[in-house]
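*Asks:* Take this structure first; my questions come after.
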Amino acid sequence: MNEKKLQQYAELIVKQGIRVLKGEEVWINASVQNHHFATLIVEECYKVGARFVKVDWDNDETTHLNLKYATIAELGKVPPYQIAKLKYQTKKLPSRLYIDDSDPDAFKDINPMKIAKIQMKSYPKIKPYRDMIDGKYKWCIVAVPSLSWAKKVFPNLSDEEAMEKLWDAIFFTCRVKEEKTSENWDKHNAYLMEKRNLLKSLDLRYLEYKSSNGTNFKVELIKGMNWGAGVEKTTFGKEFSPNIPTEEVFTTPLRGTGDGLVVATKPLSYRGQLIEDFSIRFEKGHAVEVKARKGQKALEQMIKMDPNASMLGECALVPFTSPINQSNILFYNTLFDENAVCHLALGMGFKELLPDGDKLTPEQAMEKGVNDSMIHVDFMIGAADLEIVGESFNGKRTVLFKNGVWAI
Ligand code: ZN
């Protein structure tokens with residue numbers, strides 16, 4: 001383990017990710033097996049002036065046992081102490097950091113129906129509080145290796161080698177160097193912002209995707225909608241980078257539009273289950289047919305989670321030459337895989353990308369064309385020969401992507 005890089009990574013997360021400010025309260029979700037890294041982060045938060053840092057410890061094995069033995073009724077409950085915690089969150093708006101190290105296969109022996117039913121039961125009770133804090137607090141998702149995840153990514157290596165390689169891959173894709181990591185990150189952000197502003201200036205109405213694997217898809221965008229990338233701002237104007245790494249420039253398409261076929265170019269790890277070699281056919285914005293060589297059931301279940309789960313919430317542009325794709329590693333983790341190539345997401349859209357969107361309720365945003373759902377699942381469609389053409393509201397056509405990379 002390169003301690004210098006580890007320290008740079010921790011600083012990157014605290015200073016560029018959640019951007020902890022003096023006097024702030026920070027909540028961290030971490031797993032017990034990565035207590036060392038979580039501890040490092042806690043210290044970094046205090047170093048930059050955090051008022052209080054709380055860690056919620058978790059681990060895949062105990063979650064797996066709960067899913068295996070406890071009933072849906074039990075697991076779907078949202079007990080009063082959790083409600084109290086949610087209420088506290090709506091008032092104090094602590095910054096949140098999620099340190100992900102989950103095993104992509106952790107719940108492969110659990111019936112996807114059970115997991116879906118648990119979420120369907122608990123989500124409506126949690127949603128009002130989630131809506132209340134949406135856009136108002138800073139948050140960030142990052143990842144660190146766990147042995148089970150590292151062995152999934154590098155099955156032929158020894159435990160030690162697999163861990164080392166996954167750390168290296170994370171450092172590489174997050175642009176973590178032994179020094180000047182933060183400066184590198186600023187440069188990268190500036191590049192993403194430039195693309196974002198360019199896309200916005202094109203005033204696009206349609207995106208058309210074509211690639212030789214069968215992807216042939218057209219979707220409509222929302223007039224006046226913004227594009228997001230890199231750094232985001234809360235309602236109160238505080239900046240943060242929600243994802244490290246990040247390579248995407250993204251927007252939300254117009255709800256109820258989207259026709260044609262999209263063919264996935266990477267497997268999807270969805271709630272501890274893998275969906276592989278799949279395609280989705282859309283008609284008038286709805287996923288009407290899904291086909292998967294592996295994980296058919298999980299995919300079918302996913303788009304039925306609620307009435308809006310079969311509609312799109314995101315179109316994201318990522319060049320095929322991104323460091324993640326260059327690394328040639330399949331991470332089985334959306335945070336990395338979604339930043340490898342172009343992707344779409346089923347489910348919830350980003351209402352904050354509408355002008356004054358953070359002041360709208362999810363219902364009001366939906367009237368303007370932003371989908372709302374309990375799911376938001378990214379799946380990758382970027383390919384080496386992917387072409388994306390944008391058409392503006394006054395009919396001007398621009399090639400945005402050619403051979404899988406930016407053409408603008
Ligand atoms: Zn995305």
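Residue names in the structure tokens use chain letters A, B, ... in the order shown, residue numbers from 1 in each chain, and ligand numbers from 1 in the order shown.
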DSSP on the backbone, then: every residue of region 241-404 of chain A marked helix (DSSP H, G or I), written as number ranges by chain.
*Replies:* A: 296-302, 323-326, 334-337, 351-353, 357-359, 362-367
*Asks:* Output C-alpha atoms for every residue in the selection just made, as an mmCIF file, in the first residue's frame.
*Replies:*
```cif
data_model
loop_
_atom_site.group_PDB
_atom_site.id
_atom_site.type_symbol
_atom_site.label_atom_id
_atom_site.label_comp_id
_atom_site.auth_asym_id
_atom_site.auth_seq_id
_atom_site.Cartn_x
_atom_site.Cartn_y
_atom_site.Cartn_z
ATOM 1 C CA GLN A 296 -33.200 -11.755 -16.529
ATOM 2 C CA LYS A 297 -35.376 -11.925 -13.398
ATOM 3 C CA ALA A 298 -33.509 -9.171 -11.569
ATOM 4 C CA LEU A 299 -33.784 -6.942 -14.654
ATOM 5 C CA GLU A 300 -37.516 -7.630 -15.071
ATOM 6 C CA GLN A 301 -38.046 -6.938 -11.380
ATOM 7 C CA MET A 302 -36.022 -3.737 -11.549
ATOM 8 C CA PRO A 323 -9.109 6.227 -17.625
ATOM 9 C CA ILE A 324 -11.596 3.679 -16.311
ATOM 10 C CA ASN A 325 -12.158 2.163 -19.702
ATOM 11 C CA GLN A 326 -8.430 2.405 -20.479
ATOM 12 C CA THR A 334 -21.501 1.392 -10.823
ATOM 13 C CA LEU A 335 -19.394 4.245 -9.454
ATOM 14 C CA PHE A 336 -16.540 3.087 -11.679
ATOM 15 C CA ASP A 337 -18.292 1.337 -14.524
ATOM 16 C CA LYS A 351 -34.802 17.815 -11.032
ATOM 17 C CA GLU A 352 -32.037 20.136 -9.822
ATOM 18 C CA LEU A 353 -30.927 20.420 -13.467
ATOM 19 C CA GLY A 357 -35.486 22.835 -10.058
ATOM 20 C CA ASP A 358 -34.429 22.580 -6.435
ATOM 21 C CA LYS A 359 -37.510 24.598 -5.473
ATOM 22 C CA PRO A 362 -40.866 15.783 -7.400
ATOM 23 C CA GLU A 363 -44.474 16.011 -8.643
ATOM 24 C CA GLN A 364 -43.986 19.517 -10.046
ATOM 25 C CA ALA A 365 -40.707 18.454 -11.675
ATOM 26 C CA MET A 366 -42.451 15.437 -13.190
ATOM 27 C CA GLU A 367 -44.976 17.765 -14.863
#
```
*Asks:* Could you name the residues that touch region 193-205 of chain A at 10 Å or less, counting only C-alpha atoms, but leaving out those on the same chain fewer than 3 positions away, as a short mmCIF file (atom, residue, chain, number, x, y, z; two decimals) with N, CA, C and O atoms, in the first residue's frame?
*Replies:*
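Heads up, here's the output in result.cif:
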```
data_model
loop_
_atom_site.label_atom_id
_atom_site.label_comp_id
_atom_site.auth_asym_id
_atom_site.auth_seq_id
_atom_site.Cartn_x
_atom_site.Cartn_y
_atom_site.Cartn_z
N LYS A 187 -8.05 20.60 -12.72
CA LYS A 187 -7.90 20.64 -14.18
C LYS A 187 -8.96 19.78 -14.85
O LYS A 187 -9.58 20.17 -15.84
N HIS A 188 -9.13 18.59 -14.30
CA HIS A 188 -10.10 17.65 -14.84
C HIS A 188 -11.52 18.23 -14.77
O HIS A 188 -12.30 18.16 -15.71
N ASN A 189 -11.83 18.86 -13.63
CA ASN A 189 -13.14 19.49 -13.46
C ASN A 189 -13.37 20.59 -14.48
O ASN A 189 -14.46 20.73 -15.03
N ALA A 190 -12.33 21.38 -14.74
CA ALA A 190 -12.44 22.49 -15.70
C ALA A 190 -12.79 21.93 -17.09
O ALA A 190 -13.61 22.48 -17.81
N VAL A 219 -33.96 9.82 -28.21
CA VAL A 219 -34.68 10.32 -27.04
C VAL A 219 -34.75 11.84 -27.09
O VAL A 219 -33.89 12.49 -27.69
N GLU A 220 -35.81 12.39 -26.48
CA GLU A 220 -36.01 13.84 -26.51
C GLU A 220 -35.53 14.46 -25.19
O GLU A 220 -35.63 13.83 -24.13
N LEU A 221 -35.02 15.69 -25.27
CA LEU A 221 -34.58 16.38 -24.05
C LEU A 221 -35.56 17.48 -23.68
O LEU A 221 -36.47 17.81 -24.45
N ILE A 222 -35.38 18.03 -22.48
CA ILE A 222 -36.31 19.03 -21.95
C ILE A 222 -35.78 20.44 -22.28
O ILE A 222 -34.61 20.73 -22.01
N LYS A 223 -36.64 21.27 -22.85
CA LYS A 223 -36.25 22.65 -23.22
C LYS A 223 -35.75 23.41 -21.98
O LYS A 223 -36.41 23.41 -20.94
N GLY A 224 -34.57 23.98 -22.07
CA GLY A 224 -34.04 24.79 -20.97
C GLY A 224 -33.31 24.01 -19.89
O GLY A 224 -32.74 24.59 -18.97
N MET A 225 -33.34 22.68 -20.01
CA MET A 225 -32.69 21.82 -19.00
C MET A 225 -31.18 22.01 -19.03
O MET A 225 -30.59 22.15 -20.09
N ASN A 226 -30.58 21.97 -17.86
CA ASN A 226 -29.12 22.07 -17.79
C ASN A 226 -28.46 20.71 -17.89
O ASN A 226 -29.12 19.67 -17.78
N TRP A 227 -27.15 20.73 -18.12
CA TRP A 227 -26.33 19.52 -18.04
C TRP A 227 -25.52 19.60 -16.76
O TRP A 227 -25.15 20.70 -16.34
N GLY A 228 -25.24 18.45 -16.19
CA GLY A 228 -24.44 18.41 -14.97
C GLY A 228 -23.09 17.78 -15.25
O GLY A 228 -22.93 17.03 -16.20
N ALA A 229 -22.10 18.12 -14.42
CA ALA A 229 -20.78 17.50 -14.52
C ALA A 229 -19.94 17.91 -13.32
O ALA A 229 -20.10 19.02 -12.81
N GLY A 230 -19.08 17.02 -12.89
CA GLY A 230 -18.08 17.33 -11.88
C GLY A 230 -18.61 17.90 -10.58
O GLY A 230 -19.06 17.18 -9.71
N VAL A 231 -18.57 19.23 -10.51
CA VAL A 231 -18.95 19.90 -9.27
C VAL A 231 -20.43 20.27 -9.28
O VAL A 231 -20.94 20.77 -10.28
N GLU A 248 -18.39 11.92 -16.30
CA GLU A 248 -19.61 12.07 -17.08
C GLU A 248 -20.12 13.51 -17.18
O GLU A 248 -19.91 14.31 -16.28
N VAL A 249 -20.77 13.80 -18.30
CA VAL A 249 -21.55 15.02 -18.46
C VAL A 249 -22.96 14.52 -18.75
O VAL A 249 -23.17 13.76 -19.67
N PHE A 250 -23.92 14.92 -17.94
CA PHE A 250 -25.21 14.23 -17.97
C PHE A 250 -26.39 15.18 -17.89
O PHE A 250 -26.28 16.31 -17.43
N THR A 251 -27.53 14.68 -18.35
CA THR A 251 -28.78 15.43 -18.21
C THR A 251 -29.93 14.44 -18.02
O THR A 251 -29.71 13.22 -18.04
N PRO A 253 -33.47 13.14 -19.63
CA PRO A 253 -34.30 13.25 -20.83
C PRO A 253 -35.76 13.51 -20.50
O PRO A 253 -36.17 13.40 -19.34
N LEU A 254 -36.53 13.88 -21.50
CA LEU A 254 -37.96 14.17 -21.32
C LEU A 254 -38.71 12.87 -21.05
O LEU A 254 -38.69 11.93 -21.85
N LEU A 317 -22.85 11.30 -21.00
CA LEU A 317 -21.83 11.15 -22.04
C LEU A 317 -20.45 11.02 -21.41
O LEU A 317 -20.04 11.85 -20.60
N VAL A 389 -25.65 11.78 -32.21
CA VAL A 389 -25.94 13.03 -32.92
C VAL A 389 -26.97 13.79 -32.10
O VAL A 389 -27.94 13.21 -31.60
N GLY A 390 -26.73 15.08 -31.93
CA GLY A 390 -27.69 15.92 -31.24
C GLY A 390 -28.40 16.81 -32.23
O GLY A 390 -27.79 17.27 -33.20
N GLU A 391 -29.70 17.03 -32.01
CA GLU A 391 -30.44 17.94 -32.88
C GLU A 391 -31.03 19.04 -32.01
O GLU A 391 -31.68 18.76 -31.00
N SER A 392 -30.80 20.28 -32.40
CA SER A 392 -31.23 21.39 -31.55
C SER A 392 -32.71 21.68 -31.75
O SER A 392 -33.35 21.14 -32.65
N PHE A 393 -33.25 22.55 -30.90
CA PHE A 393 -34.67 22.91 -31.00
C PHE A 393 -34.97 23.64 -32.31
O PHE A 393 -36.11 23.70 -32.73
N ASN A 394 -33.94 24.20 -32.98
CA ASN A 394 -34.26 24.75 -34.31
C ASN A 394 -33.71 23.89 -35.45
O ASN A 394 -33.48 24.39 -36.55
N GLY A 395 -33.50 22.62 -35.17
CA GLY A 395 -33.23 21.66 -36.25
C GLY A 395 -31.78 21.49 -36.65
O GLY A 395 -31.47 20.73 -37.56
N LYS A 396 -30.85 22.16 -35.98
CA LYS A 396 -29.44 22.05 -36.34
C LYS A 396 -28.88 20.74 -35.75
O LYS A 396 -29.02 20.47 -34.57
N ARG A 397 -28.21 19.97 -36.65
CA ARG A 397 -27.67 18.69 -36.20
C ARG A 397 -26.17 18.80 -35.94
O ARG A 397 -25.43 19.39 -36.71
N THR A 398 -25.73 18.22 -34.82
CA THR A 398 -24.30 18.25 -34.44
C THR A 398 -23.88 16.84 -34.02
O THR A 398 -24.57 16.21 -33.23
N LEU A 400 -22.03 14.74 -31.73
CA LEU A 400 -21.48 14.95 -30.39
C LEU A 400 -20.40 13.93 -30.07
O LEU A 400 -19.39 14.25 -29.46
N TRP A 406 -15.69 12.19 -27.71
CA TRP A 406 -16.20 13.53 -27.99
C TRP A 406 -15.84 13.98 -29.41
O TRP A 406 -14.69 13.83 -29.84
N ILE A 408 -17.06 17.14 -30.22
CA ILE A 408 -17.22 18.61 -30.09
C ILE A 408 -16.16 19.14 -29.13
O ILE A 408 -15.59 18.42 -28.36
#
```
*Asks:* Would you tabulate, counting only C-alpha atoms and all ligand atoms, all residues of chain A that have an atom at most 8 Å from an atom of ligand 1, showing the closest pair of atoms and their distance in Å to one decimal, sorted by chain then ascending number, as a tab-separated table?
*Replies:*
```
residue	atom	partner	partner_atom_place_in_ligand_line	distance
A:Glu248	CA	ligand 1	1 (Zn)	6.4
A:Val249	CA	ligand 1	1 (Zn)	7.9
A:Phe250	CA	ligand 1	1 (Zn)	6.5
A:Glu314	CA	ligand 1	1 (Zn)	6.6
A:Cys315	CA	ligand 1	1 (Zn)	7.3
A:Ala316	CA	ligand 1	1 (Zn)	5.5
A:Glu338	CA	ligand 1	1 (Zn)	6.0
A:Asn339	CA	ligand 1	1 (Zn)	7.3
A:His343	CA	ligand 1	1 (Zn)	6.7
A:Leu344	CA	ligand 1	1 (Zn)	7.1
A:Ala345	CA	ligand 1	1 (Zn)	6.9
A:Asp378	CA	ligand 1	1 (Zn)	6.1
```
*Asks:* Please provide the set of residues having any atom within 12 Å of Ser212 (chain A), restricted to only C-alpha atoms, with same-chain residues fewer than 4 positions apart removed, written as a PDB file with C-alpha atoms, in the first residue's frame.
*Replies:*
```pdb
ATOM      1  CA  ASN A 216     -30.311   2.434 -32.285  1.00  0.00           C
ATOM      2  CA  LEU A 261     -33.046  -0.513 -28.767  1.00  0.00           C
ATOM      3  CA  VAL A 262     -30.108  -0.012 -26.419  1.00  0.00           C
ATOM      4  CA  VAL A 263     -27.552  -2.766 -26.005  1.00  0.00           C
ATOM      5  CA  THR A 265     -21.800  -2.972 -23.194  1.00  0.00           C
ATOM      6  CA  ILE A 381     -24.087   1.567 -23.615  1.00  0.00           C
ATOM      7  CA  GLY A 382     -20.830   3.209 -24.732  1.00  0.00           C
ATOM      8  CA  ALA A 383     -18.969   1.323 -27.462  1.00  0.00           C
ATOM      9  CA  ALA A 384     -15.851   1.916 -29.565  1.00  0.00           C
ATOM     10  CA  ASP A 385     -17.995   2.872 -32.556  1.00  0.00           C
ATOM     11  CA  LEU A 386     -20.829   4.661 -30.756  1.00  0.00           C
ATOM     12  CA  GLU A 387     -22.067   7.720 -32.598  1.00  0.00           C
ATOM     13  CA  ASN A 403     -16.101   6.441 -32.556  1.00  0.00           C
ATOM     14  CA  GLY A 404     -17.013   6.489 -28.902  1.00  0.00           C
TER      15      GLY A 404
END
```
*Asks:* I'd like the neighbourhood of Ala287 (chain A) as a ChimeraX atom specification, where a residue qualifies if any of its atoms comes within 6 Å (using only C-alpha atoms), though same-chain residues fewer than 3 positions away should be ignored.
*Replies:* /A:281-282,310
*Asks:* Within 9 Å of Val14 (chain A), counting only C-alpha atoms, which residues show up once you throw out same-chain ones fewer than 2 positions away? Write them as number ranges by chain, please.
*Replies:* A: 9-12, 16-20, 41, 44-45, 48, 97
*Asks:* Tell me, as a ChimeraX atom specification, which residues lie within 10 Å of Glu179 (chain A), counting only C-alpha atoms; anything in the same chain fewer than 6 positions away does not count.
*Replies:* /A:4-5,7-8
*Asks:* Using only C-alpha atoms, determine which residues lie at most 10 Å from Leu268 (chain A), disregarding the query and same-chain residues fewer than 3 positions distant; provide the list as a ChimeraX atom specification.
*Replies:* /A:104,264-265,271-278,295,299,331-334,337-338,377-380
*Asks:* Name the closest residue to Asp372 (chain A) among the candidates A:His286, A:Arg293, A:Lys152, A:Arg255; distances are taken between atoms, counting only C-alpha atoms.
*Replies:* A:Arg255
*Asks:* Enumerate as JSON, numbers by chain all residues of region 67-241 of chain A assigned to strand (DSSP E or B) by DSSP on the backbone, naming them with the chain letters and numbers the document uses.
*Replies:* {"A": [95, 96, 97, 98, 99, 100, 139, 140, 141, 142, 143, 204, 205, 206, 207, 208, 209, 210, 216, 217, 218, 219, 220, 221, 228, 229, 232, 233, 239, 240]}
*Asks:* Between A:Met132, A:Val318, A:Ala38, A:Leu166, which has the minimum distance to Tyr88 (chain A) (counting only C-alpha atoms)?
*Replies:* A:Met132
